[in-house]
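As provided, target-v8.cif (mmCIF, N, CA and C atoms) reads as follows.
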data_entry
loop_
_atom_site.label_atom_id
_atom_site.label_comp_id
_atom_site.auth_asym_id
_atom_site.auth_seq_id
_atom_site.Cartn_x
_atom_site.Cartn_y
_atom_site.Cartn_z
N MET A 184 97.91 215.64 52.25
CA MET A 184 96.82 215.38 51.32
C MET A 184 95.67 216.31 51.67
N PRO A 185 95.13 217.03 50.71
CA PRO A 185 94.03 217.94 51.00
C PRO A 185 92.78 217.19 51.45
N ILE A 186 92.02 217.82 52.30
CA ILE A 186 90.78 217.21 52.81
C ILE A 186 89.83 216.89 51.67
N GLU A 187 89.77 217.75 50.66
CA GLU A 187 88.83 217.53 49.56
C GLU A 187 89.04 216.19 48.88
N SER A 188 90.27 215.73 48.78
CA SER A 188 90.54 214.48 48.07
C SER A 188 90.22 213.25 48.93
N THR A 189 90.00 213.43 50.22
CA THR A 189 89.68 212.30 51.09
C THR A 189 88.28 212.43 51.68
N SER A 190 87.50 213.33 51.18
CA SER A 190 86.19 213.62 51.75
C SER A 190 85.16 212.55 51.44
N PRO A 191 84.30 212.22 52.41
CA PRO A 191 83.25 211.25 52.15
C PRO A 191 82.16 211.80 51.22
N TYR A 192 82.25 213.08 50.86
CA TYR A 192 81.26 213.64 49.94
C TYR A 192 81.47 213.15 48.52
N LEU A 193 82.67 212.70 48.22
CA LEU A 193 82.95 212.23 46.87
C LEU A 193 82.35 210.86 46.66
N PRO A 194 81.78 210.58 45.48
CA PRO A 194 81.22 209.25 45.24
C PRO A 194 82.30 208.19 45.29
N SER A 195 81.97 207.05 45.86
CA SER A 195 82.95 205.97 45.93
C SER A 195 82.54 204.85 45.00
N ASP A 196 83.47 204.01 44.67
CA ASP A 196 83.22 202.85 43.83
C ASP A 196 82.43 201.83 44.63
N PRO A 197 81.22 201.45 44.21
CA PRO A 197 80.40 200.52 44.98
C PRO A 197 81.01 199.13 45.09
N LEU A 198 81.96 198.77 44.22
CA LEU A 198 82.58 197.46 44.27
C LEU A 198 83.82 197.42 45.17
N ALA A 199 84.30 198.58 45.58
CA ALA A 199 85.49 198.63 46.42
C ALA A 199 85.15 198.27 47.86
N THR A 200 86.07 197.61 48.55
CA THR A 200 85.84 197.28 49.95
C THR A 200 86.36 198.39 50.86
N ASP A 201 87.30 199.18 50.40
CA ASP A 201 87.83 200.27 51.20
C ASP A 201 87.14 201.56 50.81
N GLY A 202 86.97 202.46 51.78
CA GLY A 202 86.40 203.75 51.46
C GLY A 202 85.52 204.28 52.57
N TRP A 203 84.79 205.32 52.21
CA TRP A 203 83.99 206.06 53.19
C TRP A 203 82.65 205.40 53.46
N LEU A 204 82.22 205.50 54.71
CA LEU A 204 80.92 205.01 55.18
C LEU A 204 80.30 206.10 56.04
N GLY A 205 79.08 205.89 56.45
CA GLY A 205 78.46 206.82 57.39
C GLY A 205 77.90 208.04 56.70
N THR A 206 77.83 209.12 57.47
CA THR A 206 77.28 210.38 56.99
C THR A 206 78.36 211.45 57.10
N PRO A 207 78.17 212.60 56.46
CA PRO A 207 79.16 213.67 56.60
C PRO A 207 79.39 214.10 58.05
N GLU A 208 78.34 214.12 58.85
CA GLU A 208 78.48 214.54 60.24
C GLU A 208 79.12 213.46 61.11
N PHE A 209 78.82 212.21 60.82
CA PHE A 209 79.35 211.08 61.59
C PHE A 209 80.02 210.10 60.62
N PRO A 210 81.24 210.46 60.18
CA PRO A 210 81.90 209.67 59.14
C PRO A 210 82.40 208.32 59.64
N GLY A 211 82.62 207.45 58.68
CA GLY A 211 83.23 206.16 58.93
C GLY A 211 84.16 205.85 57.78
N TYR A 212 85.10 204.95 58.02
CA TYR A 212 86.04 204.59 56.98
C TYR A 212 86.40 203.12 57.10
N ARG A 213 86.46 202.44 55.95
CA ARG A 213 86.88 201.04 55.92
C ARG A 213 88.23 200.93 55.24
N ALA A 214 89.17 200.27 55.93
CA ALA A 214 90.49 199.98 55.37
C ALA A 214 90.70 198.48 55.50
N ASN A 215 90.55 197.79 54.38
CA ASN A 215 90.68 196.34 54.32
C ASN A 215 89.63 195.70 55.23
N ASN A 216 90.03 195.03 56.31
CA ASN A 216 89.05 194.36 57.16
C ASN A 216 88.76 195.13 58.45
N VAL A 217 89.12 196.42 58.49
CA VAL A 217 88.87 197.26 59.65
C VAL A 217 87.90 198.37 59.27
N VAL A 218 86.87 198.55 60.10
CA VAL A 218 85.90 199.62 59.90
C VAL A 218 85.89 200.48 61.15
N VAL A 219 86.01 201.79 60.97
CA VAL A 219 85.94 202.75 62.07
C VAL A 219 84.82 203.73 61.76
N ARG A 220 83.91 203.92 62.72
CA ARG A 220 82.79 204.85 62.53
C ARG A 220 82.57 205.67 63.78
N LEU A 221 82.13 206.89 63.57
CA LEU A 221 81.69 207.73 64.67
C LEU A 221 80.17 207.75 64.68
N ASP A 222 79.61 207.94 65.85
CA ASP A 222 78.16 207.94 65.99
C ASP A 222 77.75 208.96 67.04
N HIS A 223 76.45 209.14 67.16
CA HIS A 223 75.87 210.10 68.08
C HIS A 223 75.10 209.33 69.16
N GLU A 224 75.64 209.29 70.36
CA GLU A 224 75.01 208.59 71.49
C GLU A 224 75.06 209.50 72.72
N PRO A 225 74.27 210.61 72.73
CA PRO A 225 74.37 211.55 73.84
C PRO A 225 73.94 210.96 75.18
N GLN A 226 73.12 209.92 75.17
CA GLN A 226 72.71 209.31 76.43
C GLN A 226 73.85 208.54 77.08
N VAL A 227 74.84 208.13 76.30
CA VAL A 227 76.00 207.42 76.83
C VAL A 227 77.04 208.42 77.35
N ASP A 228 77.39 209.40 76.53
CA ASP A 228 78.35 210.44 76.91
C ASP A 228 78.03 211.71 76.15
N PRO A 229 77.44 212.69 76.81
CA PRO A 229 77.03 213.91 76.11
C PRO A 229 78.19 214.77 75.62
N GLU A 230 79.41 214.54 76.11
CA GLU A 230 80.56 215.37 75.75
C GLU A 230 81.38 214.80 74.59
N HIS A 231 81.24 213.51 74.31
CA HIS A 231 82.09 212.88 73.31
C HIS A 231 81.27 212.11 72.27
N LEU A 232 81.88 211.93 71.12
CA LEU A 232 81.27 211.11 70.08
C LEU A 232 81.42 209.64 70.45
N TYR A 233 80.56 208.81 69.89
CA TYR A 233 80.61 207.37 70.13
C TYR A 233 81.46 206.75 69.02
N PHE A 234 82.29 205.80 69.37
CA PHE A 234 83.27 205.22 68.46
C PHE A 234 83.00 203.74 68.27
N HIS A 235 83.01 203.29 67.02
CA HIS A 235 82.88 201.87 66.70
C HIS A 235 84.13 201.43 65.94
N LEU A 236 84.75 200.36 66.40
CA LEU A 236 85.87 199.75 65.71
C LEU A 236 85.48 198.31 65.44
N LEU A 237 85.35 197.96 64.16
CA LEU A 237 84.92 196.62 63.76
C LEU A 237 86.03 195.91 63.02
N LEU A 238 86.20 194.65 63.32
CA LEU A 238 87.14 193.80 62.60
C LEU A 238 86.32 192.77 61.85
N LEU A 239 86.50 192.72 60.53
CA LEU A 239 85.75 191.79 59.68
C LEU A 239 86.61 190.60 59.30
N ASP A 240 85.97 189.44 59.12
CA ASP A 240 86.73 188.27 58.68
C ASP A 240 86.85 188.28 57.15
N ALA A 241 87.41 187.25 56.59
CA ALA A 241 87.65 187.18 55.13
C ALA A 241 86.36 187.23 54.32
N ASN A 242 85.22 186.85 54.93
CA ASN A 242 83.93 186.88 54.23
C ASN A 242 83.16 188.17 54.46
N GLY A 243 83.76 189.12 55.16
CA GLY A 243 83.09 190.38 55.43
C GLY A 243 82.13 190.33 56.61
N GLN A 244 82.18 189.25 57.35
CA GLN A 244 81.32 189.10 58.54
C GLN A 244 82.04 189.64 59.77
N LEU A 245 81.27 190.10 60.74
CA LEU A 245 81.84 190.66 61.96
C LEU A 245 82.62 189.61 62.73
N GLN A 246 83.89 189.89 62.98
CA GLN A 246 84.75 188.99 63.74
C GLN A 246 84.92 189.50 65.17
N ASP A 247 85.07 190.82 65.34
CA ASP A 247 85.26 191.42 66.66
C ASP A 247 84.86 192.89 66.57
N ASN A 248 84.46 193.46 67.70
CA ASN A 248 84.17 194.89 67.72
C ASN A 248 84.46 195.47 69.09
N HIS A 249 84.75 196.75 69.08
CA HIS A 249 84.98 197.53 70.29
C HIS A 249 84.26 198.85 70.09
N SER A 250 83.35 199.18 70.99
CA SER A 250 82.58 200.41 70.87
C SER A 250 82.50 201.10 72.22
N GLY A 251 82.38 202.41 72.17
CA GLY A 251 82.22 203.18 73.39
C GLY A 251 82.50 204.65 73.13
N PRO A 252 82.38 205.47 74.17
CA PRO A 252 82.67 206.90 74.00
C PRO A 252 84.12 207.09 73.59
N CYS A 253 84.35 207.98 72.66
CA CYS A 253 85.70 208.26 72.17
C CYS A 253 86.25 209.47 72.93
N LEU A 254 87.02 209.21 73.95
CA LEU A 254 87.55 210.29 74.77
C LEU A 254 88.57 211.15 74.04
N ALA A 255 89.08 210.66 72.91
CA ALA A 255 90.06 211.41 72.12
C ALA A 255 89.40 212.42 71.19
N LEU A 256 88.07 212.36 71.06
CA LEU A 256 87.39 213.22 70.09
C LEU A 256 86.11 213.79 70.71
N ALA A 257 86.17 215.05 71.10
CA ALA A 257 85.01 215.70 71.70
C ALA A 257 83.92 215.93 70.65
N ARG A 258 82.70 216.06 71.11
CA ARG A 258 81.55 216.23 70.22
C ARG A 258 81.67 217.48 69.35
N HIS A 259 82.34 218.52 69.82
CA HIS A 259 82.43 219.78 69.07
C HIS A 259 83.52 219.78 67.99
N GLN A 260 84.25 218.68 67.81
CA GLN A 260 85.30 218.64 66.80
C GLN A 260 84.72 218.93 65.42
N SER A 261 85.50 219.58 64.60
CA SER A 261 85.04 219.97 63.26
C SER A 261 84.96 218.75 62.34
N LEU A 262 84.25 218.91 61.24
CA LEU A 262 84.11 217.84 60.26
C LEU A 262 85.47 217.37 59.72
N PRO A 263 86.38 218.27 59.33
CA PRO A 263 87.68 217.80 58.86
C PRO A 263 88.44 216.99 59.91
N GLU A 264 88.33 217.38 61.18
CA GLU A 264 89.01 216.62 62.24
C GLU A 264 88.38 215.23 62.40
N ARG A 265 87.07 215.14 62.29
CA ARG A 265 86.39 213.84 62.38
C ARG A 265 86.80 212.94 61.21
N ILE A 266 86.85 213.51 60.02
CA ILE A 266 87.22 212.76 58.82
C ILE A 266 88.64 212.22 58.95
N ARG A 267 89.56 213.08 59.34
CA ARG A 267 90.96 212.65 59.51
C ARG A 267 91.06 211.55 60.56
N PHE A 268 90.37 211.72 61.68
CA PHE A 268 90.44 210.77 62.79
C PHE A 268 90.04 209.37 62.36
N VAL A 269 88.86 209.21 61.73
CA VAL A 269 88.41 207.87 61.38
C VAL A 269 89.31 207.22 60.33
N ARG A 270 89.79 208.00 59.39
CA ARG A 270 90.65 207.42 58.37
C ARG A 270 92.00 206.99 58.93
N VAL A 271 92.60 207.82 59.76
CA VAL A 271 93.90 207.47 60.35
C VAL A 271 93.77 206.24 61.24
N VAL A 272 92.74 206.19 62.09
CA VAL A 272 92.57 205.03 62.97
C VAL A 272 92.37 203.76 62.15
N ALA A 273 91.51 203.80 61.14
CA ALA A 273 91.26 202.61 60.32
C ALA A 273 92.52 202.13 59.63
N GLU A 274 93.31 203.06 59.10
CA GLU A 274 94.51 202.66 58.38
C GLU A 274 95.62 202.19 59.32
N LEU A 275 95.68 202.73 60.53
CA LEU A 275 96.70 202.30 61.48
C LEU A 275 96.39 200.94 62.09
N VAL A 276 95.12 200.67 62.33
CA VAL A 276 94.75 199.39 62.92
C VAL A 276 94.90 198.31 61.88
#

Go ahead and render the structure in this file as structure tokens.
Amino acid sequence: MPIESTSPYLPSDPLATDGWLGTPEFPGYRANNVVVRLDHEPQVDPEHLYFHLLLLDANGQLQDNHSGPCLALARHQSLPERIRFVRVVAELV
């Protein structure tokens, strides 16, 4: 699938629960009740991006979360690599 068709730059349906979140530089993706986001926390780990994995309950409220430096994704990774990473993780979990 081409990156353009999965890019967070495209407008999403505001009523949909699945789709892109975050910013182009620090993308996030929601797949059903799983949300994966990247963030910028250089004080925690200057070499890696910060990773948030959220599990939502049936009402959309936070049920569980796991956050910390993402050792699988260095800070210098390109935008397409970041986009692919968050979407694949969200859909696999």

Check chain A with DSSP on the backbone and list each residue it calls alpha helix (DSSP H), as a compact mmCIF listing (two decimals) with N, CA and C atoms, in the frame of the given file.
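To be explicit, this is the file written out as states18.txt:
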# COMPACT_ATOMS: atom_id res chain seq x y z
N LEU A 262 84.25 218.91 61.24
CA LEU A 262 84.11 217.84 60.26
C LEU A 262 85.47 217.37 59.72
N PRO A 263 86.38 218.27 59.33
CA PRO A 263 87.68 217.80 58.86
C PRO A 263 88.44 216.99 59.91
N GLU A 264 88.33 217.38 61.18
CA GLU A 264 89.01 216.62 62.24
C GLU A 264 88.38 215.23 62.40
N ARG A 265 87.07 215.14 62.29
CA ARG A 265 86.39 213.84 62.38
C ARG A 265 86.80 212.94 61.21
N ILE A 266 86.85 213.51 60.02
CA ILE A 266 87.22 212.76 58.82
C ILE A 266 88.64 212.22 58.95
N ARG A 267 89.56 213.08 59.34
CA ARG A 267 90.96 212.65 59.51
C ARG A 267 91.06 211.55 60.56
N PHE A 268 90.37 211.72 61.68
CA PHE A 268 90.44 210.77 62.79
C PHE A 268 90.04 209.37 62.36
N VAL A 269 88.86 209.21 61.73
CA VAL A 269 88.41 207.87 61.38
C VAL A 269 89.31 207.22 60.33
N ARG A 270 89.79 208.00 59.39
CA ARG A 270 90.65 207.42 58.37
C ARG A 270 92.00 206.99 58.93
N VAL A 271 92.60 207.82 59.76
CA VAL A 271 93.90 207.47 60.35
C VAL A 271 93.77 206.24 61.24
N VAL A 272 92.74 206.19 62.09
CA VAL A 272 92.57 205.03 62.97
C VAL A 272 92.37 203.76 62.15
N ALA A 273 91.51 203.80 61.14
CA ALA A 273 91.26 202.61 60.32
C ALA A 273 92.52 202.13 59.63
N GLU A 274 93.31 203.06 59.10
CA GLU A 274 94.51 202.66 58.38
C GLU A 274 95.62 202.19 59.32
N LEU A 275 95.68 202.73 60.53
CA LEU A 275 96.70 202.30 61.48
C LEU A 275 96.39 200.94 62.09

Margin query: Take the PyMOL selection byres ((chain A and resi 234-242) around 6.5), run it mentally on this structure, and tell me the resulting residues as a ChimeraX atom specification.
Written below: /A:216-222,232-233,243-253

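Nearest residue to Glu264 (chain A), choosing from A:His223, A:Asn215, A:Pro210, A:Pro229 and counting only C-alpha atoms: A:Pro210.
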
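Put simply, atom N of Val271 (chain A) is 24.3 Å away from atom N of Val227 (chain A).
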
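Our summary of the geometry notes that atom N of Ile266 (chain A) is positioned 17.2 Å from CA of Glu224 (chain A).
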
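One distance worth recording is that between CA of Arg213 (chain A) and CA of Asp201 (chain A), which is 4.9 Å.
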
Next item on the list: Find the residues around Gly202 (chain A) up to 6 Å (only N, CA and C atoms counted), leave out those fewer than 4 positions away in its own chain, and share them as a ChimeraX atom specification.
Entry: /A:211-214

Notebook entry, point to check: In chain A, what's strand (DSSP E or B) per DSSP? Answer as a PyMOL selection string?
Noted result: chain A and resi 202-205+210-214+217-222+231-239+245-257

Notebook entry, point to check: Excluding same-chain residues fewer than 2 positions from Leu262 (chain A), what lies within 8 Å of it counting all atoms listed in the file, as number ranges by chain?
Noted result: A: 207-210, 259-260, 264-268
